[in-house]
$ cat structure_10.cif   # mmCIF, C-alpha atoms
data_run
#
loop_
_atom_site.label_atom_id
_atom_site.label_comp_id
_atom_site.auth_asym_id
_atom_site.auth_seq_id
_atom_site.Cartn_x
_atom_site.Cartn_y
_atom_site.Cartn_z
CA MET A 30 41.28 -27.10 56.33
CA LYS A 31 38.36 -25.73 56.12
CA LYS A 32 39.87 -24.40 53.24
CA THR A 33 42.02 -26.47 51.43
CA LEU A 34 43.78 -24.85 48.89
CA ALA A 35 46.63 -26.48 47.51
CA TRP A 36 49.26 -24.30 46.03
CA LEU A 37 49.59 -26.24 43.03
CA GLY A 38 46.43 -27.52 43.04
CA LYS A 39 47.11 -24.90 44.82
CA PHE A 40 47.24 -22.80 41.96
CA ASN A 41 43.66 -23.51 41.65
CA LYS A 42 42.70 -24.23 44.92
CA ILE A 43 44.07 -21.68 46.89
CA ILE A 44 41.63 -20.82 49.11
CA ALA A 45 39.28 -22.69 49.77
CA ILE A 46 39.23 -23.07 53.04
CA SER A 47 36.17 -24.50 54.03
CA LEU A 48 36.11 -22.57 51.97
CA PRO A 49 42.64 -28.85 52.79
CA VAL A 50 45.72 -27.52 51.22
CA VAL A 51 48.18 -26.23 49.40
CA LEU A 52 45.73 -26.44 48.83
CA SER A 53 44.48 -27.02 45.51
CA ILE A 54 46.76 -23.64 44.47
CA LEU A 55 48.11 -22.81 41.51
CA LEU A 56 46.70 -25.52 39.45
CA VAL A 57 48.92 -25.35 36.74
CA ARG A 58 49.03 -28.56 35.02
CA MET A 59 52.11 -30.69 35.02
CA GLN A 60 52.49 -33.83 33.00
CA SER A 61 51.03 -36.60 35.09
CA LEU A 62 53.53 -38.88 36.71
CA ALA A 63 50.76 -41.37 37.23
CA ASP A 64 50.75 -42.56 33.64
CA ARG A 65 53.95 -44.56 33.97
CA GLU A 66 53.92 -48.31 33.63
CA LEU A 67 53.82 -50.50 36.70
CA ILE A 68 54.60 -54.21 36.53
CA SER A 69 52.99 -54.86 33.15
CA PRO A 70 50.75 -53.00 30.66
CA GLU A 71 47.58 -54.43 32.18
CA CYS A 72 48.66 -53.05 35.56
CA GLN A 73 49.04 -49.47 34.40
CA VAL A 74 47.18 -46.80 36.35
CA LYS A 75 44.58 -46.74 33.57
CA LYS A 76 43.46 -50.15 34.82
CA TRP A 77 41.81 -48.25 37.64
CA ASP A 78 39.79 -46.02 35.31
CA MET A 79 36.03 -46.22 35.10
CA PRO A 80 34.97 -49.33 33.13
CA VAL A 81 33.46 -48.33 29.78
CA SER A 82 30.32 -50.33 30.52
CA LEU A 83 29.70 -48.33 33.71
CA THR A 84 30.32 -45.04 31.94
CA ALA A 85 27.76 -45.92 29.28
CA GLU A 86 25.26 -47.04 31.90
CA ASN A 87 25.77 -43.79 33.78
CA GLN A 88 25.09 -41.77 30.64
CA ASP A 89 21.91 -43.74 29.97
CA THR A 90 20.64 -43.47 33.54
CA PHE A 91 21.30 -39.82 34.23
CA SER A 92 20.58 -36.75 32.17
CA GLN A 93 23.46 -34.72 30.76
CA LYS A 94 22.81 -32.07 33.42
CA GLN A 95 22.69 -34.52 36.31
CA LYS A 96 25.36 -37.18 36.06
CA ALA A 97 26.03 -39.25 39.15
CA PRO A 98 29.40 -38.24 40.66
CA LEU A 99 29.97 -41.80 41.93
CA ILE A 100 29.27 -45.14 40.26
CA PRO A 101 29.37 -48.55 42.02
CA ARG A 102 31.83 -51.16 40.74
CA LEU A 103 33.61 -54.25 41.98
CA PRO A 104 36.97 -53.73 43.73
CA VAL A 105 40.03 -53.66 41.48
CA THR A 106 41.80 -57.01 41.31
CA CYS A 107 45.51 -56.71 42.04
CA CYS A 108 47.97 -57.95 39.47
CA GLN A 109 50.69 -60.28 40.70
CA GLY A 110 53.62 -58.26 41.98
CA ASP A 111 51.78 -54.94 41.75
CA THR A 112 52.39 -53.50 45.21
CA SER A 113 50.79 -50.17 44.23
CA CYS A 114 47.44 -51.94 44.44
CA LEU A 115 47.82 -52.42 48.21
CA ASP A 116 48.12 -50.09 51.18
CA GLU A 117 51.27 -51.84 52.33
CA VAL A 118 52.40 -49.24 54.87
CA LEU A 119 49.59 -50.40 57.15
CA TYR A 120 51.54 -53.60 57.73
CA GLY A 121 55.13 -52.44 57.26
CA GLN A 122 58.09 -52.77 59.60
CA ILE A 123 56.60 -49.85 61.49
CA PRO A 124 52.84 -50.47 61.07
CA ASP A 125 50.83 -47.38 60.21
CA LYS A 126 47.47 -48.61 61.47
CA LYS A 127 47.38 -46.15 64.38
CA ALA A 128 47.00 -43.05 62.20
CA LEU A 129 44.26 -44.62 60.11
CA MET A 130 42.43 -45.86 63.20
CA SER A 131 42.55 -42.33 64.61
CA ALA A 132 41.13 -40.86 61.41
CA ILE A 133 38.36 -43.49 61.41
CA ALA A 134 37.45 -42.64 65.01
CA ARG A 135 37.14 -38.97 64.09
CA SER A 136 34.86 -39.73 61.15
CA LEU A 137 32.70 -41.99 63.33
CA GLN A 138 32.41 -39.15 65.80
CA TYR A 139 31.29 -36.78 63.03
CA LEU A 140 28.81 -39.24 61.50
CA GLN A 141 26.83 -39.32 64.74
CA THR A 142 26.26 -35.56 64.77
CA VAL A 143 23.30 -33.45 63.70
CA ASN A 144 25.46 -31.88 61.01
CA ALA A 145 26.13 -35.28 59.47
CA ALA A 146 22.44 -36.15 59.50
CA ALA A 147 21.71 -32.93 57.62
CA ALA A 148 24.55 -33.48 55.14
CA TYR A 149 23.28 -36.92 54.16
CA GLN A 150 19.59 -36.06 54.10
CA ASN A 151 19.60 -35.18 50.41
CA TYR A 152 22.78 -36.90 49.27
CA PRO A 153 22.70 -37.11 45.45
CA VAL A 154 23.84 -40.73 44.97
CA ALA A 155 21.25 -43.44 45.56
CA GLY A 156 22.31 -46.07 48.06
CA ILE A 157 24.81 -43.89 49.94
CA THR A 158 23.31 -43.07 53.32
CA ARG A 159 24.75 -41.98 56.62
CA ASP A 160 23.81 -45.31 58.19
CA ARG A 161 25.55 -47.29 55.45
CA VAL A 162 28.67 -45.12 55.65
CA LEU A 163 28.71 -45.56 59.43
CA LYS A 164 28.35 -49.36 59.26
CA SER A 165 30.98 -49.56 56.51
CA LEU A 166 33.51 -47.66 58.63
CA LYS A 167 32.88 -49.87 61.66
CA ARG A 168 33.28 -53.06 59.62
CA PHE A 169 36.43 -51.77 57.91
CA ARG A 170 37.87 -51.00 61.35
CA GLU A 171 37.20 -54.58 62.45
CA LEU A 172 38.93 -55.94 59.35
CA LEU A 173 41.86 -53.59 59.83
CA LEU A 174 42.39 -54.91 63.36
CA LYS A 175 42.08 -58.61 62.53
CA THR A 176 44.01 -58.84 59.24
CA ASN A 177 47.77 -59.40 59.16
CA SER A 178 48.70 -58.23 55.68
CA ALA A 179 47.66 -55.73 53.03
CA THR A 180 46.74 -58.61 50.73
CA GLU A 181 44.49 -60.17 53.38
CA LEU A 182 42.74 -56.84 53.92
CA HIS A 183 42.31 -56.33 50.18
CA HIS A 184 40.72 -59.77 49.77
CA ALA A 185 38.33 -59.07 52.66
CA ILE A 186 37.29 -55.83 50.99
CA GLN A 187 36.70 -57.67 47.71
CA ARG A 188 34.34 -60.04 49.54
CA GLU A 189 32.39 -57.52 51.59
CA PHE A 190 32.54 -54.11 49.94
CA VAL A 191 31.48 -52.30 46.82
CA LEU A 192 33.63 -49.47 45.50
CA TYR A 193 31.88 -46.30 44.41
CA GLN A 194 34.24 -44.70 41.92
CA SER A 195 34.34 -40.99 41.18
CA VAL A 196 33.56 -40.30 37.54
CA GLY A 197 36.41 -37.81 37.65
CA LYS A 198 36.97 -34.79 35.45
CA ASP A 199 36.43 -36.74 32.21
CA ASN A 200 33.61 -39.11 33.18
CA LYS A 201 36.20 -41.90 32.88
CA GLY A 202 37.49 -41.81 36.44
CA SER A 203 40.48 -39.49 36.05
CA VAL A 204 40.94 -37.34 39.17
CA LEU A 205 43.50 -34.57 39.62
CA PHE A 206 45.38 -34.90 42.93
CA THR A 207 47.14 -32.07 44.73
CA ALA A 208 48.23 -31.87 48.36
CA TYR A 209 48.17 -29.43 51.24
CA TYR A 210 49.82 -29.14 54.64
CA GLU A 211 50.03 -27.12 57.83
CA PRO A 212 53.02 -24.75 57.67
CA LEU A 213 55.25 -23.90 60.63
CA TYR A 214 56.22 -20.22 60.85
CA ALA A 215 57.92 -17.91 63.30
CA ALA A 216 55.42 -15.30 64.49
CA SER A 217 54.75 -12.76 67.23
CA ARG A 218 51.71 -11.69 69.21
CA VAL A 219 52.83 -8.06 68.93
CA PRO A 220 54.23 -6.07 66.00
CA THR A 221 57.98 -5.39 65.97
CA THR A 222 60.51 -4.26 63.40
CA GLU A 223 61.04 -7.94 62.62
CA TYR A 224 57.37 -9.04 62.65
CA ARG A 225 55.31 -6.65 60.52
CA TYR A 226 52.79 -8.61 58.44
CA PRO A 227 49.61 -9.73 60.24
CA VAL A 228 46.86 -12.28 59.93
CA TYR A 229 43.45 -11.26 61.26
CA ARG A 230 40.55 -12.36 63.43
CA LEU A 231 37.09 -12.62 61.93
CA PRO A 232 35.45 -9.20 62.32
CA PRO A 233 32.62 -9.37 64.90
CA ASP A 234 30.29 -7.57 62.49
CA PHE A 235 31.35 -9.62 59.46
CA ASP A 236 27.85 -10.99 58.81
CA SER A 237 26.61 -7.44 58.33
CA TRP A 238 29.32 -6.42 55.85
CA PRO A 239 27.67 -5.30 52.61
CA LYS A 240 28.45 -7.18 49.42
CA PRO A 241 30.48 -7.10 47.38
CA HIS A 242 32.96 -7.38 50.23
CA PRO A 243 36.07 -5.20 50.23
CA THR A 244 38.88 -6.72 48.18
CA ARG A 245 42.19 -7.88 49.64
CA GLU A 246 43.85 -4.64 48.55
CA GLU A 247 41.07 -2.55 50.06
CA LEU A 248 41.41 -4.41 53.37
CA GLU A 249 45.18 -4.46 53.84
CA GLY A 250 46.70 -2.34 51.08
CA ALA A 251 48.96 -3.42 48.24
CA ASP A 252 51.87 -3.87 50.66
CA GLY A 253 49.87 -5.69 53.34
CA LEU A 254 50.58 -2.99 55.93
CA GLN A 255 47.59 -0.64 55.68
CA SER A 256 44.98 -2.49 57.75
CA ALA A 257 44.99 0.06 60.58
CA LYS A 258 43.20 2.46 58.25
CA GLY A 259 40.12 0.36 57.55
CA LYS A 260 37.81 -2.49 58.53
CA LEU A 261 40.64 -4.65 59.91
CA ARG A 262 41.83 -2.14 62.48
CA GLY A 263 42.42 -3.80 65.84
CA LEU A 264 41.78 -7.31 64.46
CA GLN A 265 45.44 -8.30 64.05
CA LEU A 266 45.96 -11.78 65.53
CA PHE A 267 49.67 -12.55 64.91
CA TRP A 268 52.48 -10.90 62.97
CA PHE A 269 54.87 -12.63 60.53
CA HIS A 270 58.33 -11.94 59.08
CA ASP A 271 57.41 -11.27 55.48
CA ARG A 272 54.59 -10.57 53.06
CA LEU A 273 54.34 -14.09 51.70
CA GLU A 274 53.95 -16.04 54.98
CA PRO A 275 50.50 -14.78 56.02
CA TYR A 276 49.33 -15.18 52.44
CA LEU A 277 50.49 -18.82 52.29
CA THR A 278 48.76 -19.36 55.63
CA GLN A 279 45.54 -18.16 54.04
CA ILE A 280 46.07 -20.63 51.24
CA GLU A 281 46.64 -23.53 53.62
CA GLY A 282 43.90 -22.53 56.04
CA SER A 283 45.94 -23.16 59.17
CA ALA A 284 49.45 -22.90 60.59
CA LYS A 285 51.59 -23.82 63.56
CA LEU A 286 53.41 -20.82 65.00
CA GLN A 287 56.74 -20.64 66.83
CA LEU A 288 56.68 -17.61 69.15
CA PRO A 289 59.72 -15.60 70.34
CA ASP A 290 59.42 -16.92 73.91
CA GLY A 291 59.90 -20.49 72.67
CA THR A 292 56.25 -21.55 72.93
CA GLN A 293 54.09 -22.74 70.07
CA THR A 294 50.46 -22.24 69.17
CA THR A 295 48.21 -22.87 66.20
CA ILE A 296 45.75 -20.87 64.13
CA GLY A 297 42.91 -22.13 61.98
CA TYR A 298 40.32 -20.95 59.52
CA ALA A 299 37.55 -18.72 60.86
CA GLY A 300 35.94 -17.26 57.73
CA ASN A 301 36.52 -15.73 54.31
CA THR A 302 35.29 -12.97 52.05
CA ALA A 303 32.97 -13.74 49.16
CA TYR A 304 35.50 -13.86 46.33
CA ASN A 305 36.89 -16.77 44.39
CA TYR A 306 40.58 -17.37 44.76
CA LYS A 307 42.81 -16.13 41.94
CA SER A 308 46.07 -18.01 41.57
CA ILE A 309 49.14 -15.80 41.68
CA GLY A 310 51.04 -18.65 40.03
CA ARG A 311 48.70 -18.50 37.08
CA GLU A 312 49.12 -14.74 37.00
CA LEU A 313 52.91 -15.13 36.77
CA VAL A 314 52.46 -17.53 33.87
CA ASP A 315 49.98 -15.25 32.10
CA ASP A 316 52.41 -12.33 32.45
CA GLY A 317 55.22 -14.37 30.94
CA LYS A 318 57.27 -14.37 34.16
CA LEU A 319 57.29 -18.17 34.44
CA PRO A 320 56.71 -20.99 31.92
CA LEU A 321 53.58 -23.08 32.34
CA GLU A 322 55.40 -26.35 31.70
CA GLY A 323 56.72 -27.94 34.87
CA ILE A 324 55.71 -25.18 37.27
CA THR A 325 55.64 -26.11 40.96
CA LEU A 326 55.27 -24.27 44.23
CA PRO A 327 59.03 -24.26 44.89
CA ILE A 328 59.56 -22.57 41.53
CA ILE A 329 56.98 -19.93 42.41
CA LEU A 330 58.53 -19.33 45.82
CA ASN A 331 61.97 -19.07 44.28
CA TYR A 332 60.70 -16.40 41.88
CA PHE A 333 59.39 -14.25 44.72
CA GLN A 334 62.59 -14.73 46.73
CA LYS A 335 64.43 -13.17 43.79
CA HIS A 336 61.76 -10.51 43.18
CA PRO A 337 60.19 -9.76 46.61
CA GLN A 338 58.95 -6.36 45.45
CA GLU A 339 56.57 -8.12 43.05
CA LEU A 340 54.61 -9.64 45.94
CA ASN A 341 52.89 -6.26 46.22
CA ILE A 342 51.82 -6.62 42.59
CA TYR A 343 50.62 -10.21 42.54
CA ILE A 344 49.15 -10.87 45.99
CA PRO A 345 46.60 -8.01 45.64
CA ARG A 346 45.35 -9.60 42.40
CA ASP A 347 43.79 -12.29 44.56
CA ARG A 348 40.78 -10.43 45.93
CA SER A 349 39.81 -13.22 48.34
CA PHE A 350 40.74 -12.96 52.03
CA VAL A 351 40.76 -15.44 54.92
CA PHE A 352 40.33 -14.82 58.67
CA PHE A 353 41.73 -16.93 61.51
CA GLN A 354 41.26 -17.92 65.12
CA GLU A 355 43.85 -19.11 67.62
CA ASN A 356 43.47 -22.81 68.33
CA HIS A 357 46.04 -22.99 71.14
CA GLY A 358 47.93 -25.99 69.81
CA GLU A 359 44.94 -27.96 68.58
CA PRO A 360 45.61 -29.78 65.29
CA ALA A 361 44.33 -28.48 61.97
CA GLU A 362 40.65 -29.25 61.41
CA GLY A 363 38.76 -30.13 58.28
CA SER A 364 35.42 -28.85 57.12
CA ILE A 365 33.54 -31.51 59.11
CA ASN A 366 35.10 -30.08 62.29
CA VAL A 367 37.38 -32.97 63.18
CA PRO A 368 41.21 -32.92 63.29
CA LEU A 369 42.95 -33.89 60.07
CA THR A 370 45.33 -36.85 60.00
CA ALA A 371 48.53 -36.70 57.95
CA GLU A 372 48.41 -39.06 54.95
CA ARG A 373 44.90 -40.22 55.95
CA SER A 374 42.63 -37.20 55.33
CA ILE A 375 41.50 -35.78 52.01
CA ALA A 376 39.50 -32.77 50.84
CA THR A 377 36.86 -33.03 48.10
CA ASP A 378 33.84 -31.15 46.82
CA LYS A 379 31.32 -31.76 49.60
CA SER A 380 28.37 -30.94 47.36
CA LEU A 381 29.18 -34.23 45.59
CA MET A 382 31.24 -36.48 47.87
CA PRO A 383 30.13 -38.17 51.13
CA PRO A 384 31.54 -36.34 54.19
CA GLY A 385 33.41 -38.47 56.70
CA ALA A 386 33.31 -41.53 54.45
CA LEU A 387 36.07 -44.11 53.94
CA ALA A 388 37.84 -43.75 50.61
CA LEU A 389 40.65 -45.32 48.63
CA ILE A 390 42.97 -43.14 46.58
CA HIS A 391 45.28 -44.44 43.87
CA ALA A 392 47.72 -41.83 42.63
CA SER A 393 51.35 -40.79 42.21
CA ILE A 394 52.56 -39.17 45.45
CA PRO A 395 56.03 -37.72 46.19
CA PHE A 396 58.04 -39.14 49.10
CA VAL A 397 61.43 -38.26 50.57
CA ASN A 398 63.76 -41.24 50.16
CA PRO A 399 66.53 -42.21 52.64
CA THR A 400 69.01 -39.97 50.79
CA GLY A 401 66.76 -36.94 51.29
CA LYS A 402 65.71 -36.71 47.65
CA MET A 403 62.12 -36.57 46.43
CA GLU A 404 60.78 -39.51 44.46
CA GLU A 405 57.35 -40.34 43.04
CA ARG A 406 55.52 -43.53 43.90
CA ILE A 407 52.17 -44.77 42.65
CA VAL A 408 50.35 -45.86 45.78
CA SER A 409 47.00 -46.89 47.18
CA ARG A 410 45.93 -45.35 50.48
CA TYR A 411 42.81 -45.78 52.58
CA VAL A 412 41.74 -42.30 53.67
CA LEU A 413 38.84 -40.43 55.25
CA ASP A 414 37.03 -37.63 53.43
CA GLN A 415 37.15 -34.91 56.09
CA ASP A 416 37.73 -31.58 54.36
CA THR A 417 36.84 -29.37 51.44
CA GLY A 418 38.28 -26.42 49.58
CA GLY A 419 37.13 -23.41 47.61
CA ALA A 420 39.13 -24.52 44.62
CA ILE A 421 38.30 -28.18 45.06
CA LYS A 422 35.32 -28.35 42.76
CA GLY A 423 33.72 -31.20 40.87
CA ALA A 424 34.20 -34.96 40.86
CA GLY A 425 37.70 -34.66 39.39
CA ARG A 426 39.57 -33.04 42.30
CA VAL A 427 41.16 -34.34 45.49
CA ASP A 428 43.47 -32.51 47.92
CA TYR A 429 45.59 -34.82 50.08
CA PHE A 430 46.65 -33.69 53.56
CA LEU A 431 50.35 -34.39 54.19
CA GLY A 432 50.80 -33.07 57.73
CA THR A 433 52.79 -30.26 59.35
CA GLY A 434 56.14 -28.62 58.69
CA LYS A 435 58.77 -28.24 56.01
CA ILE A 436 58.95 -31.79 54.65
CA ALA A 437 55.17 -31.94 54.34
CA GLY A 438 55.29 -28.55 52.61
CA ASP A 439 58.04 -29.64 50.22
CA ARG A 440 56.01 -32.69 49.25
CA ALA A 441 52.74 -30.77 48.96
CA GLY A 442 54.38 -28.19 46.71
CA VAL A 443 55.20 -30.76 44.03
CA THR A 444 52.14 -33.00 44.32
CA VAL A 445 50.12 -32.93 41.13
CA SER A 446 49.09 -36.08 39.31
CA ASN A 447 46.13 -37.88 37.81
CA GLY A 448 44.75 -40.83 39.72
CA GLN A 449 41.52 -42.41 40.92
CA LEU A 450 39.16 -42.00 43.88
CA PHE A 451 36.88 -44.66 45.34
CA TYR A 452 34.54 -44.86 48.35
CA LEU A 453 34.18 -48.15 50.22
CA LEU A 454 30.69 -49.22 51.21
CA LEU A 455 29.45 -52.55 52.49
CA LYS A 456 27.48 -54.64 50.06
CA SER A 457 23.77 -54.23 50.70
CA LYS A 458 23.42 -57.72 52.16
CA ASN A 459 25.80 -56.67 54.92
#
$ encode --input "structure_10.cif" --output "structure tokens"
Amino acid sequence: MKKTLAWLGKFNKIIAISLPVVLSILLVRMQSLADRELISPECQVKKWDMPVSLTAENQDTFSQKQKAPLIPRLPVTCCQGDTSCLDEVLYGQIPDKKALMSAIARSLQYLQTVNAAAAYQNYPVAGITRDRVLKSLKRFRELLLKTNSATELHHAIQREFVLYQSVGKDNKGSVLFTAYYEPLYAASRVPTTEYRYPVYRLPPDFDSWPKPHPTREELEGADGLQSAKGKLRGLQLFWFHDRLEPYLTQIEGSAKLQLPDGTQTTIGYAGNTAYNYKSIGRELVDDGKLPLEGITLPIILNYFQKHPQELNIYIPRDRSFVFFQENHGEPAEGSINVPLTAERSIATDKSLMPPGALALIHASIPFVNPTGKMEERIVSRYVLDQDTGGAIKGAGRVDYFLGTGKIAGDRAGVTVSNGQLFYLLLKSKN
């Protein structure tokens, strides 16, 4: 959110706030759950990979130093019975069109701003312009309103749109997906014996701070309680229960806060120091405290619950630092300064991907089933590209926003899979 660091992607991403979530954090690699078979071999996820012919054409057209991050291709044809090819929740028993329509409206609002005009002025992919992105969104909205099934919508897209596929991390279309969310924490406006660990406002003289900036440890001390002695004195915004909560808030870039008087408020990203995020999950692995295989955010959190004293060892190793502002209940915002929509907003590298544009993601995402257990499903979702993240770099990374609260956090903490990313643009004749 402005940041977007995803804890597990997050491992890697952590902090990136516009710099959109959990961010892309600890990016420790788990075996992809997206490589499982679907209905038949020809309907495996690999069917969505970049066609070899397009990859070869891309290599011939662009120099090794300047490969196009997106390549146009025809929409993927759904196999019979392959529901993962369709965004079925849009037309389910409880239709989910409202959230997507809201996200579209926010992107349309952004695309008509001066910032959008500047962002698209030198966009690196030929044929992708602000005007085309705007028209594509408006036409997609019309189709969304008039179609009565996911199949009908998919067929309309096949007729009218071209998909621009991300070349991914391997130039074959493979994209690593993580997820982020907006946490909900108990917090206080004043320090007490219960609330001791603060988050901070952006210093008013921050632009004049000499570089290199002070490190995290220099700003708040190894224990997170020494800020009154230095540059952060008087800048405390809210106080939290424990050492880890304000740090996780920095990773996510925003949070909803439950105050002692029963009211709620929100905080969002305001700025960050000029250091790259260092994953404390990766540090635990490198020190032999946790195994690399199968690591997830819950496993990392469980380790620190058992060894809370080690937070003062590992958190200071991340020299980066994030500042906040109170948003008074406003929803979390992405890097294009519009509110994020749960399940319908993504974060990507905005030096490569078109801001505010309509996208289609195809990846393995965890869901909570009716029994309360987590299960993986390979799904397609139409989303809007509305955020970025410091650890979300290159054509092979996407951070998926899952919303607010514990369930969203539980899902975000175990989201890590390989999938595909596409942008939908009207055919030139339209």
$ closest_residue --input "structure_10.cif" --among "A:Thr433, A:Thr400, A:Ser457, A:Thr207" --to "A:Thr158" --atoms "all atoms listed in the file"
A:Ser457
$ residues_around --input "structure_10.cif" --residues "A:Lys379" --least-positions-apart "4" --cutoff "9 Å" --atoms "only C-alpha atoms" --output "count of residues only"
7
$ closest_residue --input "structure_10.cif" --among "A:Leu205, A:Ile365, A:Ile309, A:Leu273" --to "A:Ser446" --atoms "all atoms listed in the file"
A:Leu205
$ resolve_selection --input "structure_10.cif" --expression "the PyMOL selection byres ((chain A and resi 172-178) around 9)" --output "ChimeraX atom specification"
/A:117,119-121,126,130,167-171,179-183,185-186
$ resolve_selection --input "structure_10.cif" --expression "the PyMOL selection byres ((chain A and resi 198) around 12)" --output "PyMOL selection string"
chain A and resi 78-79+96+98-99+195-197+199-206+421-427+447-450
$ resolve_selection --input "structure_10.cif" --expression "the PyMOL selection byres ((chain A and resi 267) around 6)" --output "JSON, numbers by chain"
{"A": [217, 218, 227, 228, 266, 268]}
$ write_last_selection --input "structure_10.cif" --atoms "C-alpha atoms" --output "mmCIF file, keeping the file's coordinate frame"
data_model
loop_
_atom_site.group_PDB
_atom_site.id
_atom_site.type_symbol
_atom_site.label_atom_id
_atom_site.label_comp_id
_atom_site.auth_asym_id
_atom_site.auth_seq_id
_atom_site.Cartn_x
_atom_site.Cartn_y
_atom_site.Cartn_z
ATOM 1 C CA SER A 217 54.750 -12.760 67.230
ATOM 2 C CA ARG A 218 51.710 -11.690 69.210
ATOM 3 C CA PRO A 227 49.610 -9.730 60.240
ATOM 4 C CA VAL A 228 46.860 -12.280 59.930
ATOM 5 C CA LEU A 266 45.960 -11.780 65.530
ATOM 6 C CA TRP A 268 52.480 -10.900 62.970
#
$ atom_distance --input "structure_10.cif" --atom1 "atom CA of A:Lys285" --atom2 "atom CA of A:Trp238"
29.3 Å
$ closest_residue --input "structure_10.cif" --among "A:Lys127, A:Arg135, A:His184, A:Lys164" --to "A:Lys456" --atoms "all atoms listed in the file"
A:Lys164
$ residues_around --input "structure_10.cif" --residues "A:Pro153" --least-positions-apart "6" --cutoff "9 Å" --atoms "only C-alpha atoms" --output "PyMOL selection string"
chain A and resi 97-98+380-382
$ closest_residue --input "structure_10.cif" --among "A:Thr295, A:Tyr429, A:Ile394, A:Ile329" --to "A:Ile375" --atoms "only C-alpha atoms"
A:Tyr429
$ decode --input "structure_10.cif" --residues "stretch 152-169 of chain A" --atoms "N, CA and C atoms" --output "mmCIF file, in the first residue's frame"
data_model
loop_
_atom_site.group_PDB
_atom_site.id
_atom_site.type_symbol
_atom_site.label_atom_id
_atom_site.label_comp_id
_atom_site.auth_asym_id
_atom_site.auth_seq_id
_atom_site.Cartn_x
_atom_site.Cartn_y
_atom_site.Cartn_z
ATOM 1 N N TYR A 152 5.699 5.219 -21.383
ATOM 2 C CA TYR A 152 5.514 3.812 -21.048
ATOM 3 C C TYR A 152 6.293 2.927 -22.021
ATOM 4 N N PRO A 153 7.031 1.923 -21.508
ATOM 5 C CA PRO A 153 7.988 1.178 -22.334
ATOM 6 C C PRO A 153 7.418 0.193 -23.338
ATOM 7 N N VAL A 154 6.126 -0.126 -23.294
ATOM 8 C CA VAL A 154 5.566 -1.110 -24.222
ATOM 9 C C VAL A 154 4.738 -0.405 -25.293
ATOM 10 N N ALA A 155 5.134 -0.580 -26.536
ATOM 11 C CA ALA A 155 4.429 0.051 -27.648
ATOM 12 C C ALA A 155 2.976 -0.409 -27.691
ATOM 13 N N GLY A 156 2.083 0.529 -27.933
ATOM 14 C CA GLY A 156 0.672 0.193 -28.065
ATOM 15 C C GLY A 156 -0.121 0.323 -26.782
ATOM 16 N N ILE A 157 0.560 0.435 -25.636
ATOM 17 C CA ILE A 157 -0.148 0.603 -24.368
ATOM 18 C C ILE A 157 -0.090 2.074 -23.992
ATOM 19 N N THR A 158 -1.221 2.737 -24.128
ATOM 20 C CA THR A 158 -1.327 4.158 -23.829
ATOM 21 C C THR A 158 -2.410 4.385 -22.779
ATOM 22 N N ARG A 159 -2.371 5.549 -22.173
ATOM 23 C CA ARG A 159 -3.394 5.856 -21.184
ATOM 24 C C ARG A 159 -4.780 5.831 -21.825
ATOM 25 N N ASP A 160 -4.916 6.373 -23.007
ATOM 26 C CA ASP A 160 -6.213 6.421 -23.674
ATOM 27 C C ASP A 160 -6.743 5.017 -23.952
ATOM 28 N N ARG A 161 -5.866 4.118 -24.377
ATOM 29 C CA ARG A 161 -6.296 2.746 -24.667
ATOM 30 C C ARG A 161 -6.681 2.010 -23.386
ATOM 31 N N VAL A 162 -5.913 2.219 -22.329
ATOM 32 C CA VAL A 162 -6.227 1.602 -21.040
ATOM 33 C C VAL A 162 -7.577 2.110 -20.536
ATOM 34 N N LEU A 163 -7.810 3.402 -20.686
ATOM 35 C CA LEU A 163 -9.069 4.011 -20.248
ATOM 36 C C LEU A 163 -10.257 3.436 -21.022
ATOM 37 N N LYS A 164 -10.144 3.380 -22.344
ATOM 38 C CA LYS A 164 -11.230 2.846 -23.172
ATOM 39 C C LYS A 164 -11.470 1.362 -22.882
ATOM 40 N N SER A 165 -10.383 0.630 -22.630
ATOM 41 C CA SER A 165 -10.509 -0.798 -22.343
ATOM 42 C C SER A 165 -11.270 -1.031 -21.051
ATOM 43 N N LEU A 166 -10.983 -0.221 -20.035
ATOM 44 C CA LEU A 166 -11.684 -0.342 -18.759
ATOM 45 C C LEU A 166 -13.169 -0.031 -18.908
ATOM 46 N N LYS A 167 -13.478 1.007 -19.660
ATOM 47 C CA LYS A 167 -14.885 1.391 -19.847
ATOM 48 C C LYS A 167 -15.650 0.304 -20.598
ATOM 49 N N ARG A 168 -15.019 -0.287 -21.614
ATOM 50 C CA ARG A 168 -15.696 -1.340 -22.369
ATOM 51 C C ARG A 168 -15.844 -2.602 -21.520
ATOM 52 N N PHE A 169 -14.830 -2.940 -20.751
ATOM 53 C CA PHE A 169 -14.926 -4.109 -19.874
ATOM 54 C C PHE A 169 -16.066 -3.916 -18.876
#
